[in-house]
file my_file_1.pdb (PDB, C-alpha atoms)
ATOM      1  CA  ASP A   1       4.844  23.782 -10.867
ATOM      2  CA  ALA A   2       3.211  22.331  -7.743
ATOM      3  CA  PRO A   3       4.989  22.627  -4.401
ATOM      4  CA  PRO A   4       6.677  19.436  -3.131
ATOM      5  CA  LYS A   5       4.523  17.080  -1.057
ATOM      6  CA  PRO A   6       5.769  14.941   1.828
ATOM      7  CA  ASP A   7       5.568  11.337   0.663
ATOM      8  CA  CYS A   8       7.561   9.240   3.138
ATOM      9  CA  VAL A   9       4.697   6.821   3.877
ATOM     10  CA  GLU A  10       3.736   6.545   0.218
ATOM     11  CA  VAL A  11       7.363   5.719  -0.630
ATOM     12  CA  CYS A  12       7.524   3.124   2.162
ATOM     13  CA  VAL A  13       4.390   1.385   0.852
ATOM     14  CA  ARG A  14       5.763   1.464  -2.694
ATOM     15  CA  GLU A  15       8.968  -0.191  -1.473
ATOM     16  CA  ILE A  16       6.908  -2.969   0.151
ATOM     17  CA  VAL A  17       4.947  -3.494  -3.071
ATOM     18  CA  GLU A  18       8.118  -3.558  -5.161
ATOM     19  CA  LEU A  19       9.752  -5.999  -2.741
ATOM     20  CA  LEU A  20       6.786  -8.354  -3.153
ATOM     21  CA  ALA A  21       6.813  -7.939  -6.948
ATOM     22  CA  PHE A  22      10.556  -8.511  -7.321
ATOM     23  CA  ASP A  23      11.483 -11.702  -9.159
ATOM     24  CA  GLN A  24      14.919 -12.837  -7.993
ATOM     25  CA  ALA A  25      15.463 -15.058 -11.038
ATOM     26  CA  THR A  26      14.950 -12.254 -13.575
ATOM     27  CA  ARG A  27      16.027  -9.447 -11.220
ATOM     28  CA  ARG A  28      13.012  -7.431 -12.393
ATOM     29  CA  LEU A  29       9.660  -6.341 -11.035
ATOM     30  CA  ASP A  30       6.921  -8.755 -12.108
ATOM     31  CA  ALA A  31       3.407  -7.411 -11.629
ATOM     32  CA  ALA A  32       2.040 -10.953 -12.024
ATOM     33  CA  ARG A  33       3.501 -11.793  -8.595
ATOM     34  CA  LEU A  34       0.880  -9.477  -7.042
ATOM     35  CA  PRO A  35      -2.830 -10.188  -6.636
ATOM     36  CA  ALA A  36      -5.245  -8.254  -8.813
ATOM     37  CA  GLY A  37      -5.592  -4.778  -7.377
ATOM     38  CA  PRO A  38      -4.413  -1.201  -7.690
ATOM     39  CA  ALA A  39      -0.706  -1.936  -7.090
ATOM     40  CA  ARG A  40      -0.618  -4.614  -9.784
ATOM     41  CA  ALA A  41      -2.409  -2.331 -12.245
ATOM     42  CA  PHE A  42       0.049   0.454 -11.409
ATOM     43  CA  LEU A  43       3.065  -1.762 -12.158
ATOM     44  CA  GLU A  44       1.488  -3.133 -15.335
ATOM     45  CA  ALA A  45       0.886   0.428 -16.561
ATOM     46  CA  GLY A  46       4.434   1.517 -15.698
ATOM     47  CA  GLY A  47       3.198   4.347 -13.466
ATOM     48  CA  GLY A  48       5.500   7.004 -12.077
ATOM     49  CA  ASP A  49       5.851   8.920  -8.828
ATOM     50  CA  ASP A  50       2.882  11.249  -9.359
ATOM     51  CA  GLU A  51       0.597   8.349 -10.247
ATOM     52  CA  TRP A  52       1.712   6.433  -7.160
ATOM     53  CA  PHE A  53       1.053   9.398  -4.884
ATOM     54  CA  ALA A  54      -2.421   9.785  -6.432
ATOM     55  CA  LEU A  55      -3.072   6.062  -5.975
ATOM     56  CA  CYS A  56      -2.371   6.398  -2.237
ATOM     57  CA  GLN A  57      -4.878   9.226  -1.755
ATOM     58  CA  GLY A  58      -8.314   8.785  -0.210
ATOM     59  CA  LEU A  59      -8.099   5.069   0.610
ATOM     60  CA  ASP A  60     -10.635   3.648   3.058
ATOM     61  CA  GLY A  61      -9.127   2.709   6.386
ATOM     62  CA  CYS A  62      -6.105   5.008   5.999
ATOM     63  CA  GLU A  63      -5.363   8.146   7.989
ATOM     64  CA  TYR A  64      -4.201  11.349   6.288
ATOM     65  CA  LEU A  65      -2.533  14.574   7.406
ATOM     66  CA  ALA A  66      -3.987  16.921   4.813
ATOM     67  CA  THR A  67      -6.885  17.530   2.474
ATOM     68  CA  THR A  68      -7.093  19.247  -0.878
ATOM     69  CA  PRO A  69      -9.180  22.429  -1.231
ATOM     70  CA  ALA A  70     -11.911  20.140  -2.570
ATOM     71  CA  GLY A  71     -11.736  18.045   0.620
ATOM     72  CA  ALA A  72      -9.964  14.942  -0.730
ATOM     73  CA  PRO A  73      -7.558  13.384   1.794
ATOM     74  CA  TYR A  74      -3.886  13.021   0.912
ATOM     75  CA  GLU A  75      -0.470  12.681   2.597
ATOM     76  CA  LEU A  76      -0.644   9.460   4.586
ATOM     77  CA  THR A  77      -0.102   9.726   8.339
ATOM     78  CA  PRO A  78       3.273   8.233   9.326
ATOM     79  CA  ALA A  79       2.273   5.208  11.412
ATOM     80  CA  PHE A  80       2.682   1.448  11.074
ATOM     81  CA  ALA A  81      -1.112   1.032  11.003
ATOM     82  CA  THR A  82      -1.316   3.423   8.042
ATOM     83  CA  VAL A  83       1.430   1.580   6.165
ATOM     84  CA  ALA A  84      -0.342  -1.750   6.776
ATOM     85  CA  ALA A  85      -3.764  -0.422   5.763
ATOM     86  CA  CYS A  86      -2.485   1.304   2.624
ATOM     87  CA  ALA A  87      -0.426  -1.696   1.473
ATOM     88  CA  SER A  88      -3.378  -4.015   2.116
ATOM     89  CA  ARG A  89      -5.709  -1.850   0.024
ATOM     90  CA  LEU A  90      -3.255  -1.379  -2.834
ATOM     91  CA  LEU A  91      -2.371  -5.073  -2.940
ATOM     92  CA  GLY A  92      -6.056  -5.916  -3.328
ATOM     93  CA  LEU A  93      -6.129  -7.988  -0.161
ATOM     94  CA  ASP A  94      -9.499  -8.113   1.578
ATOM     95  CA  GLY A  95     -10.431  -5.382   4.027
ATOM     96  CA  ASP A  96      -9.378  -7.395   7.074
ATOM     97  CA  ALA A  97      -6.106  -8.530   5.525
ATOM     98  CA  ALA A  98      -3.879  -6.418   7.735
ATOM     99  CA  GLY A  99      -5.262  -7.899  10.934
ATOM    100  CA  VAL A 100      -8.237  -5.557  11.291
ATOM    101  CA  HIS A 101     -11.200  -7.102  13.017
ATOM    102  CA  ALA A 102     -14.048  -6.054  15.276
ATOM    103  CA  ASP A 103     -13.893  -6.970  18.953
ATOM    104  CA  ALA A 104     -16.925  -7.876  21.089
ATOM    105  CA  SER A 105     -17.886  -4.199  21.427
ATOM    106  CA  GLY A 106     -17.729  -3.681  17.658
ATOM    107  CA  ALA A 107     -14.577  -1.542  17.876
ATOM    108  CA  ARG A 108     -12.134  -2.248  15.072
ATOM    109  CA  THR A 109      -8.514  -2.965  15.873
ATOM    110  CA  PRO A 110      -5.894  -1.011  13.939
ATOM    111  CA  PRO A 111      -4.181  -2.800  11.075
ATOM    112  CA  THR A 112      -0.718  -4.155  11.764
ATOM    113  CA  LEU A 113       2.325  -5.011   9.681
ATOM    114  CA  ALA A 114       2.213  -8.522  11.182
ATOM    115  CA  GLY A 115      -1.384  -8.832   9.959
ATOM    116  CA  LEU A 116      -0.320  -7.739   6.484
ATOM    117  CA  VAL A 117       2.472 -10.344   6.454
ATOM    118  CA  GLU A 118       0.042 -13.025   7.644
ATOM    119  CA  ALA A 119      -2.470 -12.142   4.916
ATOM    120  CA  TRP A 120       0.259 -12.112   2.252
ATOM    121  CA  ASN A 121       1.588 -15.497   3.352
ATOM    122  CA  ALA A 122      -1.941 -16.974   3.534
ATOM    123  CA  ARG A 123      -2.653 -15.992  -0.065
ATOM    124  CA  ARG A 124       0.557 -17.697  -1.202
ATOM    125  CA  ARG A 125      -0.254 -21.043   0.467
TER     126      ARG A 125
END
call {"tool": "encode", "arguments": {"input": "my_file_1.pdb", "output": "structure tokens"}}
result
Amino acid sequence: DAPPKPDCVEVCVREIVELLAFDQATRRLDAARLPAGPARAFLEAGGGDDEWFALCQGLDGCEYLATTPAGAPYELTPAFATVAACASRLLGLDGDAAGVHADASGARTPPTLAGLVEAWNARRR
């Protein structure tokens, strides 16, 4: 049996995804409410906790606290920017969906929860 892994950020992102997938009329999760992407595929497949944790590993634009012996990053860093970046990636929103953009010097701004909300609302218009 593997030792427990901290998963507070992964759980937070899953709650956001499930909130967006929740259909108030049927009182059930509806994967069709999500854009095509990893989170939708996860819900359609009926994935569990271990699959969700694996889905959150090694995502571009996300920061991690640990790596496996093979060097794969896991355990998302607890920060709003990490939550926004991870949710954006798993929801299949484009890379700049969480408000990430390059400034005049080429430096990229960190993703934000407000940027994620803006991208989600824009796709629903």
call {"tool": "resolve_selection", "arguments": {"input": "my_file_1.pdb", "expression": "the PyMOL selection byres ((chain A and resi 124) around 12)", "output": "count of residues only"}}
result
13
call {"tool": "resolve_selection", "arguments": {"input": "my_file_1.pdb", "expression": "the PyMOL selection byres ((chain A and resi 29) around 10)", "output": "JSON, numbers by chain"}}
result
{"A": [17, 18, 19, 20, 21, 22, 23, 24, 26, 27, 28, 30, 31, 32, 33, 43, 44]}
call {"tool": "closest_residue", "arguments": {"input": "my_file_1.pdb", "among": "A:Ala54, A:Ala70, A:Ala39, A:Ala114", "to": "Leu90 in chain A", "atoms": "all atoms listed in the file"}}
result
A:Ala39
call {"tool": "atom_distance", "arguments": {"input": "my_file_1.pdb", "atom1": "CA of Asp50 in chain A", "atom2": "CA of Pro111 in chain A"}}
result
25.8 Å
call {"tool": "atom_distance", "arguments": {"input": "my_file_1.pdb", "atom1": "CA of Leu116 in chain A", "atom2": "CA of Phe80 in chain A"}}
result
10.7 Å
call {"tool": "closest_residue", "arguments": {"input": "my_file_1.pdb", "among": "A:Ala87, A:Leu65, A:Gln57, A:Ala81", "to": "Glu15 in chain A", "atoms": "all atoms listed in the file"}}
result
A:Ala87
call {"tool": "closest_residue", "arguments": {"input": "my_file_1.pdb", "among": "A:Pro78, A:Gly48, A:Gly92, A:Gly58", "to": "Ala36 in chain A", "atoms": "all atoms listed in the file"}}
result
A:Gly92
call {"tool": "resolve_selection", "arguments": {"input": "my_file_1.pdb", "expression": "the PyMOL selection byres ((chain A and resi 89) around 9)", "output": "list in words"}}
result
Gly37, Pro38, Ala39, Leu59, Asp60, Gly61, Ala84, Ala85, Cys86, Ala87, Ser88, Leu90, Leu91, Gly92, Leu93, Asp94, Gly95 and Ala97 of chain A
call {"tool": "atom_distance", "arguments": {"input": "my_file_1.pdb", "atom1": "CA of Pro69 in chain A", "atom2": "CA of Trp52 in chain A"}}
result
20.2 Å
call {"tool": "decode", "arguments": {"input": "my_file_1.pdb", "residues": "range 49-95 of chain A", "atoms": "N, CA and C atoms", "output": "short mmCIF file (atom, residue, chain, number, x, y, z; two decimals), in the first residue's frame"}}
result
data_model
loop_
_atom_site.label_atom_id
_atom_site.label_comp_id
_atom_site.auth_asym_id
_atom_site.auth_seq_id
_atom_site.Cartn_x
_atom_site.Cartn_y
_atom_site.Cartn_z
N ASP A 49 -10.52 8.74 -7.16
CA ASP A 49 -9.53 9.62 -6.54
C ASP A 49 -8.12 9.42 -7.09
N ASP A 50 -7.69 8.19 -7.24
CA ASP A 50 -6.33 7.94 -7.75
C ASP A 50 -6.17 8.44 -9.18
N GLU A 51 -7.20 8.25 -9.99
CA GLU A 51 -7.14 8.73 -11.38
C GLU A 51 -7.11 10.25 -11.43
N TRP A 52 -7.85 10.89 -10.53
CA TRP A 52 -7.84 12.36 -10.51
C TRP A 52 -6.46 12.88 -10.11
N PHE A 53 -5.88 12.28 -9.08
CA PHE A 53 -4.55 12.71 -8.65
C PHE A 53 -3.55 12.55 -9.80
N ALA A 54 -3.62 11.44 -10.50
CA ALA A 54 -2.72 11.20 -11.64
C ALA A 54 -2.96 12.22 -12.75
N LEU A 55 -4.21 12.59 -12.96
CA LEU A 55 -4.56 13.56 -14.00
C LEU A 55 -3.93 14.93 -13.70
N CYS A 56 -3.79 15.25 -12.43
CA CYS A 56 -3.25 16.55 -12.01
C CYS A 56 -1.72 16.60 -12.02
N GLN A 57 -1.07 15.50 -12.29
CA GLN A 57 0.39 15.46 -12.26
C GLN A 57 1.00 15.94 -13.57
N GLY A 58 2.10 16.65 -13.46
CA GLY A 58 2.92 17.01 -14.62
C GLY A 58 2.27 17.93 -15.64
N LEU A 59 1.35 18.77 -15.24
CA LEU A 59 0.69 19.68 -16.18
C LEU A 59 1.56 20.90 -16.45
N ASP A 60 1.64 21.29 -17.71
CA ASP A 60 2.37 22.51 -18.07
C ASP A 60 1.77 23.72 -17.38
N GLY A 61 2.61 24.59 -16.91
CA GLY A 61 2.16 25.82 -16.29
C GLY A 61 1.80 25.69 -14.82
N CYS A 62 1.91 24.49 -14.27
CA CYS A 62 1.58 24.27 -12.85
C CYS A 62 2.87 24.08 -12.06
N GLU A 63 2.83 24.48 -10.79
CA GLU A 63 3.98 24.29 -9.92
C GLU A 63 3.70 23.12 -8.98
N TYR A 64 4.76 22.35 -8.69
CA TYR A 64 4.64 21.15 -7.87
C TYR A 64 5.64 21.18 -6.72
N LEU A 65 5.29 20.45 -5.65
CA LEU A 65 6.15 20.38 -4.47
C LEU A 65 7.09 19.19 -4.48
N ALA A 66 6.77 18.18 -5.27
CA ALA A 66 7.55 16.94 -5.20
C ALA A 66 7.71 16.33 -6.59
N THR A 67 8.64 15.41 -6.68
CA THR A 67 8.83 14.64 -7.90
C THR A 67 8.96 13.17 -7.54
N THR A 68 8.57 12.32 -8.47
CA THR A 68 8.71 10.88 -8.27
C THR A 68 10.19 10.53 -8.44
N PRO A 69 10.59 9.32 -8.05
CA PRO A 69 11.98 8.90 -8.29
C PRO A 69 12.38 8.99 -9.76
N ALA A 70 11.39 8.87 -10.64
CA ALA A 70 11.67 8.98 -12.08
C ALA A 70 11.71 10.43 -12.56
N GLY A 71 11.42 11.39 -11.65
CA GLY A 71 11.49 12.80 -12.00
C GLY A 71 10.19 13.44 -12.43
N ALA A 72 9.07 12.73 -12.36
CA ALA A 72 7.78 13.30 -12.76
C ALA A 72 7.23 14.17 -11.63
N PRO A 73 6.79 15.38 -11.94
CA PRO A 73 6.27 16.26 -10.89
C PRO A 73 4.87 15.84 -10.42
N TYR A 74 4.65 15.96 -9.12
CA TYR A 74 3.33 15.70 -8.55
C TYR A 74 3.18 16.55 -7.28
N GLU A 75 2.00 16.53 -6.71
CA GLU A 75 1.63 17.31 -5.52
C GLU A 75 1.68 18.80 -5.84
N LEU A 76 0.56 19.30 -6.33
CA LEU A 76 0.45 20.71 -6.72
C LEU A 76 0.77 21.64 -5.56
N THR A 77 1.47 22.72 -5.87
CA THR A 77 1.81 23.74 -4.89
C THR A 77 0.55 24.49 -4.48
N PRO A 78 0.29 24.65 -3.18
CA PRO A 78 -0.91 25.37 -2.75
C PRO A 78 -0.78 26.88 -3.00
N ALA A 79 -1.38 27.33 -4.08
CA ALA A 79 -1.40 28.74 -4.45
C ALA A 79 -2.56 28.97 -5.41
N PHE A 80 -3.15 30.15 -5.37
CA PHE A 80 -4.26 30.45 -6.27
C PHE A 80 -3.84 30.31 -7.73
N ALA A 81 -2.62 30.73 -8.06
CA ALA A 81 -2.14 30.62 -9.45
C ALA A 81 -2.09 29.15 -9.89
N THR A 82 -1.71 28.26 -8.99
CA THR A 82 -1.66 26.84 -9.32
C THR A 82 -3.06 26.29 -9.53
N VAL A 83 -4.00 26.66 -8.67
CA VAL A 83 -5.38 26.23 -8.83
C VAL A 83 -5.92 26.70 -10.18
N ALA A 84 -5.70 27.96 -10.52
CA ALA A 84 -6.18 28.51 -11.78
C ALA A 84 -5.55 27.81 -12.97
N ALA A 85 -4.24 27.60 -12.93
CA ALA A 85 -3.55 26.95 -14.05
C ALA A 85 -4.01 25.51 -14.22
N CYS A 86 -4.11 24.78 -13.13
CA CYS A 86 -4.52 23.38 -13.19
C CYS A 86 -5.96 23.26 -13.71
N ALA A 87 -6.87 24.05 -13.17
CA ALA A 87 -8.27 23.99 -13.61
C ALA A 87 -8.37 24.35 -15.09
N SER A 88 -7.63 25.36 -15.52
CA SER A 88 -7.64 25.77 -16.92
C SER A 88 -7.20 24.62 -17.82
N ARG A 89 -6.10 23.96 -17.46
CA ARG A 89 -5.60 22.85 -18.26
C ARG A 89 -6.60 21.69 -18.30
N LEU A 90 -7.13 21.33 -17.14
CA LEU A 90 -8.02 20.18 -17.08
C LEU A 90 -9.37 20.45 -17.73
N LEU A 91 -9.78 21.70 -17.77
CA LEU A 91 -11.04 22.05 -18.42
C LEU A 91 -10.88 22.19 -19.93
N GLY A 92 -9.63 22.08 -20.42
CA GLY A 92 -9.41 22.17 -21.85
C GLY A 92 -9.52 23.58 -22.40
N LEU A 93 -9.41 24.57 -21.51
CA LEU A 93 -9.42 25.95 -21.95
C LEU A 93 -8.05 26.26 -22.53
N ASP A 94 -7.95 27.25 -23.41
CA ASP A 94 -6.65 27.50 -24.03
C ASP A 94 -5.62 27.93 -23.00
N GLY A 95 -4.37 27.89 -23.38
CA GLY A 95 -3.27 28.12 -22.45
C GLY A 95 -3.32 29.45 -21.73
#
